[in-house]
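Q: Can you keep this structure in mind? I'll have questions shortly.
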Amino acid sequence: MFAVVRTGGKQYRVAAGDKIAVEKLAGEAGETITLGDVLLAGNDGEIADASKVKVSAEIIAQAKSEKVVVFKKRRRHNYRRKNGHRQQMTLLRIVSVG
């Protein structure tokens, strides 16, 4: 069985056993959370009622994603600014769908 869940402003298609990286969620490694916003659920091409489906996930780790370099330049004015950013993320293992 699979489900499409929304978390952190993004949508993910998940099934039991999948590992996904999402925007930072509250919790420590080893805790189990429930992803509540289920948009779609299905099984072998059949669409199920998404309001009755629960998605449980275990937090693997809290981590940071890859660095994004922000470089600003205004030509002919000797204006250069270099900045970096690493977004906080949570690694999840989907325990069960349904």
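Residue numbering restarts at 1 in every chain; chains get A, B, ... in the order shown in the structure tokens, and ligands count up from 1 in that same order.
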Chain A: which residues are strand (DSSP E) by DSSP, as JSON, numbers by chain?
A: {"A": [2, 3, 4, 5, 6, 7, 10, 11, 12, 13, 14, 15, 19, 20, 21, 22, 23, 32, 33, 34, 35, 38, 39, 40, 41, 42, 43, 46, 47, 48, 55, 56, 57, 58, 59, 60, 61, 62, 63, 64, 68, 69, 70, 71, 72, 73, 74, 79, 80, 81, 82, 83, 84, 85, 88, 89, 90, 91, 92, 93, 94, 95, 96, 97]}
Q: For Ile33 (chain A), please output as a CSV table (one decimal) with N, CA, C and O atoms, in the first residue's frame all residues within 9 Å (counting only C-alpha atoms; exclusion window: fewer than 4 positions along the same chain).
A:
```csv
chain,number,residue,atom,x,y,z
A,27,GLY,N,11.2,16.3,17.4
A,27,GLY,CA,11.3,15.0,17.9
A,27,GLY,C,12.8,14.5,17.8
A,27,GLY,O,13.6,15.1,17.1
A,55,VAL,N,-0.3,7.2,8.5
A,55,VAL,CA,1.1,6.9,8.1
A,55,VAL,C,2.0,7.1,9.3
A,55,VAL,O,2.0,8.2,9.8
A,56,SER,N,2.6,6.1,9.7
A,56,SER,CA,3.5,6.1,10.9
A,56,SER,C,4.9,6.1,10.4
A,56,SER,O,5.3,5.3,9.5
A,57,ALA,N,5.8,6.9,11.0
A,57,ALA,CA,7.2,7.0,10.6
A,57,ALA,C,8.1,7.1,11.9
A,57,ALA,O,7.7,7.6,12.9
A,58,GLU,N,9.3,6.5,11.7
A,58,GLU,CA,10.2,6.6,12.8
A,58,GLU,C,11.3,7.6,12.4
A,58,GLU,O,11.8,7.6,11.3
A,59,ILE,N,11.7,8.5,13.3
A,59,ILE,CA,12.8,9.4,13.1
A,59,ILE,C,14.1,8.7,13.1
A,59,ILE,O,14.5,8.1,14.2
```
Q: Please identify all polymer residues within 8 Å of Arg13 (chain A), counting only C-alpha atoms, omitting same-chain residues fewer than 6 positions from it, and present them as a list in words.
A: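 Final neighbour list, sorted by chain and number: Phe2, Ala3, Val4 and Val5 of chain A.
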Q: Write out as a list in words which residues come within 12 Å of Gln11 (chain A) when counting only C-alpha atoms, dropping same-chain ones fewer than 3 positions away.
A: Ala3, Val4, Val5, Arg6, Thr7, Gly8, Val14, Ile20, Ala21, Val22, Glu23, Leu35, Asp37, Val38, Leu39 and Leu40 of chain A
Q: Which is closer to Thr32 (chain A) than all the others in A:Ala16, A:Met89, A:Met1, A:Ile60, using only C-alpha atoms?
A: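 Ranking A:Ala16, A:Met89, A:Met1, A:Ile60 by distance to Thr32 (chain A), first place goes to A:Ile60.
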Q: Extract, using only C-alpha atoms, all DNA, RNA and protein residues at most 9 Å from Gln87 (chain A), discarding same-chain residues fewer than 6 positions from it, and format them as a ChimeraX atom specification.
A: /A:23-24,63-68
